[in-house]
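> Structure supplied as start24.cif; contents: mmCIF, C-alpha atoms.
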```
data_final
#
loop_
_atom_site.label_atom_id
_atom_site.label_comp_id
_atom_site.auth_asym_id
_atom_site.auth_seq_id
_atom_site.Cartn_x
_atom_site.Cartn_y
_atom_site.Cartn_z
CA MET A 1 -29.61 -20.17 -36.17
CA ARG A 2 -27.42 -17.17 -36.78
CA HIS A 3 -30.40 -14.88 -36.34
CA HIS A 4 -31.29 -16.63 -33.09
CA PHE A 5 -27.70 -16.27 -31.87
CA SER A 6 -27.66 -12.55 -32.44
CA GLU A 7 -31.01 -12.11 -30.64
CA GLN A 8 -29.76 -14.09 -27.66
CA LEU A 9 -26.59 -12.05 -27.58
CA ASP A 10 -28.53 -8.79 -27.67
CA LEU A 11 -30.46 -9.98 -24.63
CA VAL A 12 -27.19 -10.70 -22.80
CA PHE A 13 -25.83 -7.23 -23.53
CA ASP A 14 -29.12 -5.61 -22.51
CA GLU A 15 -29.01 -7.48 -19.22
CA LEU A 16 -25.37 -6.51 -18.72
CA ALA A 17 -26.25 -2.85 -19.28
CA GLU A 18 -29.11 -3.16 -16.77
CA LEU A 19 -26.71 -4.71 -14.27
CA CYS A 20 -24.40 -1.71 -14.72
CA ILE A 21 -27.34 0.61 -13.94
CA THR A 22 -28.32 -1.46 -10.88
CA VAL A 23 -24.77 -1.15 -9.58
CA GLN A 24 -24.66 2.55 -10.48
CA ILE A 25 -27.71 3.11 -8.25
CA ALA A 26 -26.07 1.07 -5.48
CA VAL A 27 -22.94 3.26 -5.64
CA ARG A 28 -25.07 6.41 -5.45
CA GLN A 29 -27.07 5.09 -2.48
CA ALA A 30 -23.96 3.86 -0.68
CA THR A 31 -22.51 7.36 -1.02
CA GLU A 32 -25.71 8.90 0.41
CA ALA A 33 -25.42 6.49 3.30
CA LEU A 34 -21.81 7.54 3.76
CA LEU A 35 -22.07 11.31 3.47
CA ALA A 36 -25.54 11.88 4.94
CA GLY A 37 -25.39 9.06 7.51
CA ASP A 38 -28.51 7.60 5.90
CA GLY A 39 -28.93 4.19 7.56
CA ALA A 40 -31.86 3.11 5.39
CA ALA A 41 -29.80 3.76 2.26
CA ALA A 42 -26.97 1.63 3.68
CA GLU A 43 -29.35 -1.25 4.37
CA ARG A 44 -30.85 -0.97 0.88
CA VAL A 45 -27.42 -1.33 -0.70
CA ILE A 46 -26.42 -4.23 1.54
CA SER A 47 -29.64 -6.21 1.05
CA GLY A 48 -29.79 -5.23 -2.64
CA ASP A 49 -26.59 -7.14 -3.34
CA LEU A 50 -28.67 -10.30 -3.64
CA ASP A 51 -30.45 -8.78 -6.65
CA VAL A 52 -27.06 -7.92 -8.20
CA ASP A 53 -25.88 -11.51 -7.71
CA GLU A 54 -29.08 -12.92 -9.20
CA ARG A 55 -28.86 -10.69 -12.25
CA ARG A 56 -25.27 -11.82 -12.79
CA ASP A 57 -26.40 -15.44 -12.41
CA ARG A 58 -29.09 -14.98 -15.05
CA ILE A 59 -26.53 -13.54 -17.46
CA GLU A 60 -24.26 -16.53 -16.83
CA VAL A 61 -27.01 -19.04 -17.42
CA ARG A 62 -27.93 -17.30 -20.67
CA CYS A 63 -24.28 -17.31 -21.82
CA PHE A 64 -23.89 -20.99 -20.99
CA ARG A 65 -27.06 -21.78 -22.89
CA ILE A 66 -25.71 -19.92 -25.93
CA LEU A 67 -22.35 -21.70 -25.69
CA SER A 68 -23.99 -25.12 -25.35
CA LEU A 69 -26.78 -24.82 -27.88
CA GLN A 70 -25.24 -22.58 -30.52
CA GLN A 71 -21.57 -23.56 -30.19
CA PRO A 72 -20.28 -20.24 -31.50
CA VAL A 73 -16.74 -19.97 -32.88
CA ALA A 74 -14.21 -17.18 -33.47
CA GLY A 75 -15.64 -13.70 -32.89
CA ASP A 76 -18.98 -14.97 -31.58
CA LEU A 77 -17.29 -17.23 -29.06
CA ARG A 78 -15.06 -14.37 -27.97
CA THR A 79 -18.13 -12.19 -27.46
CA VAL A 80 -19.95 -14.68 -25.24
CA VAL A 81 -16.88 -15.33 -23.09
CA ALA A 82 -16.30 -11.56 -22.83
CA ALA A 83 -19.91 -11.14 -21.68
CA LEU A 84 -19.41 -13.76 -18.97
CA ARG A 85 -16.44 -11.82 -17.67
CA MET A 86 -18.18 -8.48 -17.84
CA GLY A 87 -20.94 -9.94 -15.68
CA SER A 88 -18.38 -10.92 -13.02
CA GLU A 89 -16.71 -7.53 -13.07
CA VAL A 90 -19.90 -5.52 -12.76
CA GLU A 91 -21.09 -7.79 -9.95
CA ARG A 92 -17.75 -7.18 -8.20
CA SER A 93 -18.38 -3.42 -8.43
CA GLY A 94 -21.66 -4.11 -6.64
CA ASP A 95 -19.66 -5.76 -3.84
CA LEU A 96 -17.53 -2.62 -3.60
CA ALA A 97 -20.68 -0.48 -3.21
CA VAL A 98 -21.63 -2.82 -0.34
CA HIS A 99 -18.20 -2.21 1.23
CA VAL A 100 -18.85 1.56 1.09
CA ALA A 101 -22.28 1.05 2.68
CA LYS A 102 -20.75 -1.10 5.44
CA VAL A 103 -18.17 1.57 6.33
CA ALA A 104 -21.09 4.04 6.48
CA ARG A 105 -23.09 1.72 8.76
CA LEU A 106 -20.10 1.03 11.02
CA ARG A 107 -19.67 4.73 11.86
CA MET A 108 -23.35 5.61 12.35
CA PRO A 109 -24.79 7.76 13.86
CA ARG A 110 -21.63 9.70 12.98
CA THR A 111 -20.42 9.98 9.40
CA ALA A 112 -17.06 8.50 8.39
CA VAL A 113 -15.90 11.47 6.30
CA PRO A 114 -14.67 14.70 7.93
CA ASP A 115 -16.45 17.83 6.58
CA GLU A 116 -13.47 19.20 4.70
CA LEU A 117 -13.07 15.90 2.80
CA ILE A 118 -16.72 15.71 1.69
CA PRO A 119 -16.01 17.53 -1.60
CA VAL A 120 -13.31 15.08 -2.69
CA VAL A 121 -15.31 11.99 -1.67
CA THR A 122 -18.37 13.47 -3.41
CA ARG A 123 -16.32 13.96 -6.56
CA MET A 124 -14.87 10.43 -6.43
CA SER A 125 -18.36 8.99 -6.03
CA GLU A 126 -19.71 11.16 -8.87
CA ILE A 127 -16.95 9.91 -11.12
CA ALA A 128 -17.68 6.28 -10.17
CA VAL A 129 -21.41 6.79 -10.82
CA ASP A 130 -20.72 8.59 -14.10
CA MET A 131 -18.28 5.88 -15.22
CA MET A 132 -20.74 3.09 -14.46
CA GLY A 133 -23.43 4.92 -16.47
CA ARG A 134 -21.09 5.44 -19.44
CA THR A 135 -20.09 1.80 -19.32
CA ALA A 136 -23.78 0.83 -19.37
CA SER A 137 -24.18 2.84 -22.61
CA ILE A 138 -21.02 1.37 -24.14
CA VAL A 139 -22.29 -2.14 -23.34
CA ALA A 140 -25.88 -1.50 -24.50
CA GLU A 141 -24.83 0.07 -27.80
CA ARG A 142 -21.65 -1.93 -28.25
CA ASP A 143 -20.06 1.37 -29.27
CA ILE A 144 -16.75 2.25 -27.67
CA ALA A 145 -16.64 5.91 -28.74
CA GLY A 146 -17.09 6.73 -25.04
CA LEU A 147 -13.91 4.90 -24.00
CA VAL A 148 -11.78 8.05 -24.27
CA GLU A 149 -13.90 9.98 -21.74
CA LEU A 150 -14.01 6.92 -19.54
CA ARG A 151 -10.22 6.79 -19.40
CA ALA A 152 -10.06 10.52 -18.65
CA LEU A 153 -12.46 10.05 -15.72
CA ASP A 154 -10.39 7.11 -14.50
CA ASP A 155 -7.26 9.30 -14.58
CA GLU A 156 -9.08 12.01 -12.60
CA MET A 157 -10.13 9.35 -10.08
CA ASP A 158 -6.54 8.11 -9.69
CA ASP A 159 -5.26 11.67 -9.21
CA LEU A 160 -7.93 12.45 -6.60
CA ARG A 161 -7.05 9.29 -4.71
CA ALA A 162 -3.30 10.04 -4.80
CA ASP A 163 -3.93 13.60 -3.51
CA LEU A 164 -6.24 12.28 -0.80
CA LEU A 165 -3.68 9.71 0.41
CA GLN A 166 -1.02 12.44 0.47
CA LYS A 167 -3.29 14.65 2.56
CA ILE A 168 -4.16 11.83 4.98
CA VAL A 169 -0.54 11.06 5.82
CA GLY A 170 0.65 14.69 5.63
CA PRO A 171 1.52 16.96 8.59
CA GLY A 172 -1.73 18.95 8.24
CA TRP A 173 -3.96 15.97 9.05
CA THR A 174 -5.91 16.64 12.26
CA HIS A 175 -8.68 14.03 12.14
CA GLY A 176 -6.82 11.14 13.69
CA VAL A 177 -6.41 7.57 12.60
CA GLU A 178 -9.94 6.21 12.21
CA PRO A 179 -11.08 8.65 9.48
CA ALA A 180 -7.69 8.18 7.80
CA VAL A 181 -8.17 4.41 7.62
CA ASP A 182 -11.78 4.78 6.47
CA LEU A 183 -10.78 7.21 3.71
CA ALA A 184 -7.86 5.07 2.54
CA LEU A 185 -10.26 2.13 2.09
CA LEU A 186 -13.22 4.13 0.75
CA SER A 187 -11.07 5.81 -1.88
CA ARG A 188 -9.78 2.40 -2.90
CA TYR A 189 -13.33 1.09 -3.29
CA TYR A 190 -14.33 3.99 -5.56
CA GLU A 191 -11.11 3.67 -7.53
CA ARG A 192 -11.71 -0.07 -8.06
CA ILE A 193 -15.26 0.60 -9.26
CA GLY A 194 -13.73 2.93 -11.85
CA ASP A 195 -11.15 0.28 -12.81
CA HIS A 196 -13.90 -2.29 -13.36
CA ALA A 197 -15.88 0.18 -15.49
CA VAL A 198 -12.85 0.74 -17.75
CA SER A 199 -12.15 -2.99 -17.87
CA VAL A 200 -15.72 -3.80 -18.95
CA ALA A 201 -15.62 -1.08 -21.63
CA LYS A 202 -12.28 -2.46 -22.88
CA ARG A 203 -13.88 -5.87 -23.23
CA VAL A 204 -16.53 -4.31 -25.47
CA ASP A 205 -13.65 -2.88 -27.50
CA TYR A 206 -12.15 -6.37 -27.70
CA VAL A 207 -15.48 -7.81 -28.81
CA ILE A 208 -15.69 -5.22 -31.60
CA THR A 209 -12.10 -5.09 -32.78
CA GLY A 210 -10.82 -8.55 -31.80
CA GLU A 211 -7.73 -6.94 -30.26
CA ARG A 212 -6.88 -8.16 -26.78
CA PRO A 213 -7.21 -5.44 -24.15
CA MET B 1 -11.50 -36.26 -29.92
CA ARG B 2 -12.61 -36.89 -26.36
CA HIS B 3 -9.13 -38.12 -25.48
CA HIS B 4 -7.60 -35.03 -27.07
CA PHE B 5 -10.00 -32.79 -25.11
CA SER B 6 -9.03 -34.29 -21.80
CA GLU B 7 -5.32 -33.94 -22.61
CA GLN B 8 -5.78 -30.28 -23.53
CA LEU B 9 -7.75 -29.69 -20.34
CA ASP B 10 -5.05 -31.33 -18.22
CA LEU B 11 -2.56 -28.90 -19.74
CA VAL B 12 -4.79 -25.96 -18.80
CA PHE B 13 -5.08 -27.11 -15.20
CA ASP B 14 -1.33 -27.74 -14.99
CA GLU B 15 -0.69 -24.22 -16.22
CA LEU B 16 -3.22 -22.81 -13.78
CA ALA B 17 -1.48 -24.63 -10.90
CA GLU B 18 1.87 -23.24 -12.08
CA LEU B 19 0.37 -19.75 -12.17
CA CYS B 20 -0.78 -20.21 -8.57
CA ILE B 21 2.81 -21.12 -7.61
CA THR B 22 4.22 -18.13 -9.52
CA VAL B 23 1.86 -15.84 -7.59
CA GLN B 24 2.63 -17.64 -4.33
CA ILE B 25 6.32 -16.80 -4.83
CA ALA B 26 5.41 -13.19 -5.65
CA VAL B 27 3.43 -12.88 -2.40
CA ARG B 28 6.36 -14.29 -0.43
CA GLN B 29 8.85 -11.93 -2.08
CA ALA B 30 6.56 -8.93 -1.67
CA THR B 31 6.36 -9.70 2.05
CA GLU B 32 10.16 -9.91 2.26
CA ALA B 33 10.31 -6.53 0.56
CA LEU B 34 7.81 -5.20 3.07
CA LEU B 35 9.17 -6.58 6.32
CA ALA B 36 12.90 -6.58 5.57
CA GLY B 37 12.90 -3.44 3.39
CA ASP B 38 14.39 -5.53 0.60
CA GLY B 39 14.31 -3.24 -2.46
CA ALA B 40 15.53 -5.88 -4.90
CA ALA B 41 12.69 -8.19 -3.85
CA ALA B 42 10.16 -5.38 -4.41
CA GLU B 43 11.50 -4.76 -7.93
CA ARG B 44 11.42 -8.49 -8.72
CA VAL B 45 7.74 -8.68 -7.80
CA ILE B 46 6.85 -5.52 -9.74
CA SER B 47 8.72 -6.50 -12.92
CA GLY B 48 7.65 -10.15 -12.53
CA ASP B 49 4.00 -9.18 -13.01
CA LEU B 50 4.57 -9.28 -16.77
CA ASP B 51 5.33 -13.01 -16.48
CA VAL B 52 2.11 -13.52 -14.49
CA ASP B 53 0.12 -11.69 -17.18
CA GLU B 54 1.73 -13.71 -19.96
CA ARG B 55 1.02 -17.00 -18.22
CA ARG B 56 -2.62 -15.98 -17.80
CA ASP B 57 -2.72 -15.01 -21.50
CA ARG B 58 -1.38 -18.43 -22.53
CA ILE B 59 -4.08 -20.14 -20.45
CA GLU B 60 -6.74 -17.99 -22.11
CA VAL B 61 -5.48 -18.75 -25.61
CA ARG B 62 -5.48 -22.47 -24.82
CA CYS B 63 -9.05 -22.29 -23.44
CA PHE B 64 -10.27 -20.40 -26.50
CA ARG B 65 -8.64 -22.96 -28.77
CA ILE B 66 -10.42 -25.75 -26.89
CA LEU B 67 -13.76 -23.93 -27.07
CA SER B 68 -13.36 -23.25 -30.80
CA LEU B 69 -11.98 -26.55 -31.98
CA GLN B 70 -13.62 -29.01 -29.62
CA GLN B 71 -16.92 -27.22 -28.95
CA PRO B 72 -17.44 -28.89 -25.58
CA VAL B 73 -20.91 -29.01 -24.04
CA ALA B 74 -22.37 -29.48 -20.54
CA GLY B 75 -19.75 -30.38 -17.92
CA ASP B 76 -16.81 -29.96 -20.29
CA LEU B 77 -17.95 -26.51 -21.33
CA ARG B 78 -18.43 -25.55 -17.69
CA THR B 79 -14.90 -26.72 -16.94
CA VAL B 80 -13.27 -24.65 -19.68
CA VAL B 81 -15.19 -21.50 -18.73
CA ALA B 82 -14.31 -22.08 -15.06
CA ALA B 83 -10.63 -22.39 -16.05
CA LEU B 84 -10.80 -19.06 -17.89
CA ARG B 85 -12.11 -17.41 -14.75
CA MET B 86 -9.61 -19.07 -12.46
CA GLY B 87 -6.85 -17.65 -14.67
CA SER B 88 -8.23 -14.12 -14.17
CA GLU B 89 -8.55 -14.54 -10.43
CA VAL B 90 -5.04 -15.88 -9.89
CA GLU B 91 -3.63 -13.11 -12.11
CA ARG B 92 -5.52 -10.60 -9.95
CA SER B 93 -3.82 -12.04 -6.86
CA GLY B 94 -0.53 -11.33 -8.63
CA ASP B 95 -1.61 -7.69 -8.95
CA LEU B 96 -2.26 -7.62 -5.21
CA ALA B 97 1.28 -8.92 -4.54
CA VAL B 98 2.49 -6.01 -6.69
CA HIS B 99 0.44 -3.61 -4.52
CA VAL B 100 2.19 -4.98 -1.42
CA ALA B 101 5.59 -4.56 -3.11
CA LYS B 102 4.73 -0.97 -4.08
CA VAL B 103 3.81 -0.03 -0.50
CA ALA B 104 7.17 -1.55 0.54
CA ARG B 105 9.02 0.48 -2.11
CA LEU B 106 7.21 3.70 -1.22
CA ARG B 107 8.42 3.59 2.39
CA MET B 108 12.03 2.55 1.72
CA PRO B 109 14.61 2.85 3.24
CA ARG B 110 12.21 2.59 6.19
CA THR B 111 9.79 -0.31 6.52
CA ALA B 112 6.02 0.30 6.45
CA VAL B 113 5.17 -2.02 9.36
CA PRO B 114 5.89 -1.02 13.00
CA ASP B 115 7.88 -3.68 14.89
CA GLU B 116 5.03 -4.76 17.14
CA LEU B 117 2.81 -5.45 14.11
CA ILE B 118 5.38 -7.59 12.30
CA PRO B 119 4.02 -10.85 13.83
CA VAL B 120 0.46 -10.25 12.61
CA VAL B 121 1.54 -9.15 9.13
CA THR B 122 3.90 -12.14 8.98
CA ARG B 123 1.03 -14.44 9.89
CA MET B 124 -1.33 -12.87 7.32
CA SER B 125 1.31 -13.28 4.63
CA GLU B 126 2.00 -16.89 5.68
CA ILE B 127 -1.72 -17.65 5.43
CA ALA B 128 -1.90 -16.04 1.96
CA VAL B 129 1.16 -18.02 0.80
CA ASP B 130 -0.19 -21.24 2.32
CA MET B 131 -3.63 -20.69 0.75
CA MET B 132 -2.16 -20.06 -2.69
CA GLY B 133 -0.11 -23.27 -2.40
CA ARG B 134 -3.14 -25.31 -1.31
CA THR B 135 -5.16 -23.87 -4.17
CA ALA B 136 -2.39 -24.88 -6.57
CA SER B 137 -2.71 -28.50 -5.33
CA ILE B 138 -6.52 -28.42 -5.52
CA VAL B 139 -6.28 -27.16 -9.12
CA ALA B 140 -3.53 -29.56 -10.16
CA GLU B 141 -5.26 -32.63 -8.72
CA ARG B 142 -8.81 -31.42 -9.25
CA ASP B 143 -9.46 -32.72 -5.75
CA ILE B 144 -11.30 -30.42 -3.38
CA ALA B 145 -10.62 -32.34 -0.17
CA GLY B 146 -8.41 -29.39 0.83
CA LEU B 147 -11.28 -26.89 0.63
CA VAL B 148 -12.14 -27.28 4.33
CA GLU B 149 -8.66 -26.25 5.48
CA LEU B 150 -8.67 -23.44 2.95
CA ARG B 151 -11.87 -22.01 4.44
CA ALA B 152 -10.43 -22.31 7.95
CA LEU B 153 -7.36 -20.35 6.87
CA ASP B 154 -9.58 -17.76 5.23
CA ASP B 155 -11.52 -17.35 8.49
CA GLU B 156 -8.26 -16.93 10.42
CA MET B 157 -7.21 -14.27 7.88
CA ASP B 158 -10.50 -12.38 8.31
CA ASP B 159 -10.19 -12.49 12.10
CA LEU B 160 -6.59 -11.26 12.00
CA ARG B 161 -7.62 -8.39 9.77
CA ALA B 162 -10.57 -7.42 11.97
CA ASP B 163 -8.31 -7.44 15.06
CA LEU B 164 -5.68 -5.41 13.25
CA LEU B 165 -8.19 -2.77 12.14
CA GLN B 166 -9.51 -2.55 15.73
CA LYS B 167 -5.97 -2.03 17.01
CA ILE B 168 -5.19 0.62 14.40
CA VAL B 169 -8.16 2.80 15.30
CA GLY B 170 -8.03 2.03 19.03
CA PRO B 171 -6.79 4.36 21.80
CA GLY B 172 -3.51 2.43 22.21
CA TRP B 173 -2.28 3.23 18.70
CA THR B 174 0.91 5.29 18.89
CA HIS B 175 2.35 4.98 15.38
CA GLY B 176 0.43 7.78 13.71
CA VAL B 177 -1.56 7.90 10.53
CA GLU B 178 0.82 6.75 7.80
CA PRO B 179 1.47 3.24 9.18
CA ALA B 180 -2.26 2.97 9.98
CA VAL B 181 -3.19 3.69 6.36
CA ASP B 182 -0.49 1.35 5.07
CA LEU B 183 -1.66 -1.46 7.34
CA ALA B 184 -5.33 -0.97 6.46
CA LEU B 185 -4.47 -1.36 2.78
CA LEU B 186 -1.85 -4.11 3.20
CA SER B 187 -4.20 -6.23 5.29
CA ARG B 188 -6.87 -5.78 2.62
CA TYR B 189 -4.45 -6.96 -0.08
CA TYR B 190 -3.58 -10.13 1.85
CA GLU B 191 -7.23 -10.75 2.66
CA ARG B 192 -8.20 -10.39 -1.02
CA ILE B 193 -5.46 -12.85 -2.04
CA GLY B 194 -7.05 -15.32 0.39
CA ASP B 195 -10.52 -14.60 -1.04
CA HIS B 196 -9.28 -15.30 -4.57
CA ALA B 197 -7.67 -18.57 -3.42
CA VAL B 198 -10.99 -19.74 -1.93
CA SER B 199 -12.89 -18.60 -5.01
CA VAL B 200 -10.58 -20.54 -7.36
CA ALA B 201 -10.88 -23.67 -5.19
CA LYS B 202 -14.68 -23.30 -5.19
CA ARG B 203 -14.61 -23.20 -8.98
CA VAL B 204 -12.77 -26.54 -8.94
CA ASP B 205 -15.57 -27.80 -6.69
CA TYR B 206 -18.10 -26.53 -9.24
CA VAL B 207 -16.23 -28.24 -12.06
CA ILE B 208 -16.32 -31.55 -10.16
CA THR B 209 -19.82 -31.44 -8.68
CA GLY B 210 -21.66 -29.19 -11.14
CA GLU B 211 -23.08 -27.23 -8.21
CA ARG B 212 -22.77 -23.49 -8.53
CA PRO B 213 -20.52 -21.94 -5.90
#
```
Could you write out this file's structure as structure tokens?

Amino acid sequence: MRHHFSEQLDLVFDELAELCITVQIAVRQATEALLAGDGAAAERVISGDLDVDERRDRIEVRCFRILSLQQPVAGDLRTVVAALRMGSEVERSGDLAVHVAKVARLRMPRTAVPDELIPVVTRMSEIAVDMMGRTASIVAERDIAGLVELRALDDEMDDLRADLLQKIVGPGWTHGVEPAVDLALLSRYYERIGDHAVSVAKRVDYVITGERP
Amino acid sequence: MRHHFSEQLDLVFDELAELCITVQIAVRQATEALLAGDGAAAERVISGDLDVDERRDRIEVRCFRILSLQQPVAGDLRTVVAALRMGSEVERSGDLAVHVAKVARLRMPRTAVPDELIPVVTRMSEIAVDMMGRTASIVAERDIAGLVELRALDDEMDDLRADLLQKIVGPGWTHGVEPAVDLALLSRYYERIGDHAVSVAKRVDYVITGERP
């Protein structure tokens, strides 16, 4: 029984890590759509959200089956409930990638990001992609050694967003209102993806240490 | 045992409904801070977030205790896991109220919303407050008759936000970039509060009918 439980749980964490990678790819494609005006990439992200939802659903069903059939207690129970929540959070990051793709699609054939802001948006997207990949590893290996770097990336993301918002509302802004609004929202989407990545990694920490995040 | 389970579960749903009301008050106060430039209201919302987090924590502890001690299966298990998630979603709405209060604080002693936009922001905030109150009733009574009105309010919210974003980026916009960015984010915060309210109510539906939302 115990052996069976641990096998089932390994499957859940493998599927969670795969979901992180699926969403990581979506974030990368959404950014291509955004910065290169790639309409096909935008559509792939938007239609691909169904796959993200289905993967999350499968994880939920597996968790429920474990809870029902194995009736875990204490640390095992905590782990299954944490996995359920991680599934929701990663799926939500997929929704945020869709939001990025929809901003991209809305502005086509133009691109939403003025040339001079491409470096900062590129960096924010790279951080989000990197964070999602690191979270996938943390989940797959249930090893939170990577949490320190993840937090550092999250701090860099927050700083980039604060600088960007300053620039948008500052006297030197010459691009008008529409790009300002797009960038305020886009930077929030990337920042939230980073927040979810940290939150998922912290849940792995909680699973391992039993200390509430 | 069964009797004890149902008593414990009633307590969880009562506490969830109270959490909805706590967040409802936070949304109302954050809006006062925003539209009247009321600094004390902004601080109350920001410092009050600790209470929201603690209430969510108490709900989680109670759910874990039920899962561990009572080991519910099938519908009962589904209900406890749904309650755990509702707690997270309502708490997240509290965070969004804090975001509104922080925008208000950032622009003081001015107010972030140009006079002509006060009616639409007022309406969005009223909808968010109304939705959170309706969700509290749905949770407390575990009766989803109110879900239809909730969806209608959510649609009105989405329409208001779409109109507002159109106006912000349209040729008639004379307020410059900073209020545009503030309004793009503020309207997203209110919209997300509405989304969470619908999502929580749908989970009650799931608890009652067993059909996945």
> Go through chain A and flag each residue having an atom no more than 8 Å from chain B; for those, report the closest pair of atoms plus their distance in Å to one decimal, using only C-alpha atoms, ordered by chain and rising number, as a Markdown table.

```
| residue | atom | partner | partner_atom | distance |
| --- | --- | --- | --- | --- |
| A:Phe64 | CA | B:Arg78 | CA | 7.8 |
| A:Leu67 | CA | B:Val73 | CA | 7.6 |
| A:Ser68 | CA | B:Val73 | CA | 5.1 |
| A:Gln71 | CA | B:Gln71 | CA | 6.0 |
| A:Pro72 | CA | B:Ser68 | CA | 7.6 |
| A:Val73 | CA | B:Ser68 | CA | 5.1 |
| A:Ala74 | CA | B:Ser68 | CA | 6.7 |
| A:Leu77 | CA | B:Ser68 | CA | 7.4 |
| A:Arg78 | CA | B:Phe64 | CA | 7.8 |
| A:Val81 | CA | B:Val81 | CA | 7.7 |
| A:Arg85 | CA | B:Arg85 | CA | 7.7 |
| A:Ile168 | CA | B:Val177 | CA | 7.3 |
| A:Val169 | CA | B:Glu178 | CA | 4.9 |
| A:Gly176 | CA | B:Val177 | CA | 6.9 |
| A:Val177 | CA | B:Val177 | CA | 5.3 |
| A:Glu178 | CA | B:Val169 | CA | 4.9 |
| A:Ala180 | CA | B:Val181 | CA | 6.5 |
| A:Val181 | CA | B:Val181 | CA | 5.2 |
| A:Ala184 | CA | B:Val181 | CA | 6.2 |
| A:Leu185 | CA | B:Leu185 | CA | 6.8 |
```
> On this structure, the PyMOL selection byres ((chain B and resi 126-131) around 10) would catch which residues? List them as an MDAnalysis selection string, sorted by chain and number.
chainID B and resid 20:21 23:28 31 93 120:125 132:137 146:147 149:151 153:154 156:157 189:198 201
> Could you name the residues that touch Thr111 (chain B) at 7 Å or less, counting all atoms listed in the file, but leaving out those on the same chain fewer than 3 positions away, as a compact mmCIF listing (two decimals) with C-alpha atoms, in the frame of the given file?

```
# COMPACT_ATOMS: atom_id res chain seq x y z
CA LEU B 34 7.81 -5.20 3.07
CA LEU B 35 9.17 -6.58 6.32
CA GLY B 37 12.90 -3.44 3.39
CA ALA B 104 7.17 -1.55 0.54
CA ARG B 107 8.42 3.59 2.39
CA MET B 108 12.03 2.55 1.72
```
> So what do you get for CA of Leu96 (chain A) versus CA of Asp158 (chain A), distance-wise?
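Separating CA of Leu96 (chain A) from CA of Asp158 (chain A) is a distance of 16.5 Å.
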> Between B:Leu160, B:Arg55, B:Ala33, B:Ala82, single out the one closest to Leu106 (chain B), counting only C-alpha atoms.
B:Ala33
> Applied to this file, what does the PyMOL selection byres ((chain B and resi 59) around 9) return in terms of residues, put as a list in words?
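For this structure, the PyMOL selection byres ((chain B and resi 59) around 9) captures Leu11, Val12, Phe13, Glu15, Leu16, Glu54, Arg55, Arg56, Asp57, Arg58, Glu60, Val61, Arg62, Cys63, Phe64, Ala83, Leu84 and Gly87 of chain B.
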> Provide the CA of Glu89 (chain B) to CA of Gly39 (chain B) distance in Å, to one decimal place.
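Pair CA of Glu89 (chain B) / CA of Gly39 (chain B) returns 26.7 Å.
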> I'd like the contact shell of Asp10 (chain A) - 10 Å cut-off, all atoms listed in the file, skipping same-chain residues fewer than 6 positions apart - returned as a ChimeraX atom specification.
/A:4,16,140-142
> Report the distance between CA of Ala97 (chain A) and CA of Val204 (chain B) in Å, rounded to one decimal place.
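Between CA of Ala97 (chain A) and CA of Val204 (chain B) the gap is 27.8 Å.
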> Please, what is the axis-aligned box for every listed atom of region 95-114 of chain A with 4 Å on each side, as centre and edge lengths in Å to one decimal, as JSON?

```
{"center_x": -19.7, "center_y": 4.5, "center_z": 5.0, "size_x": 18.1, "size_y": 28.5, "size_z": 25.7}
```
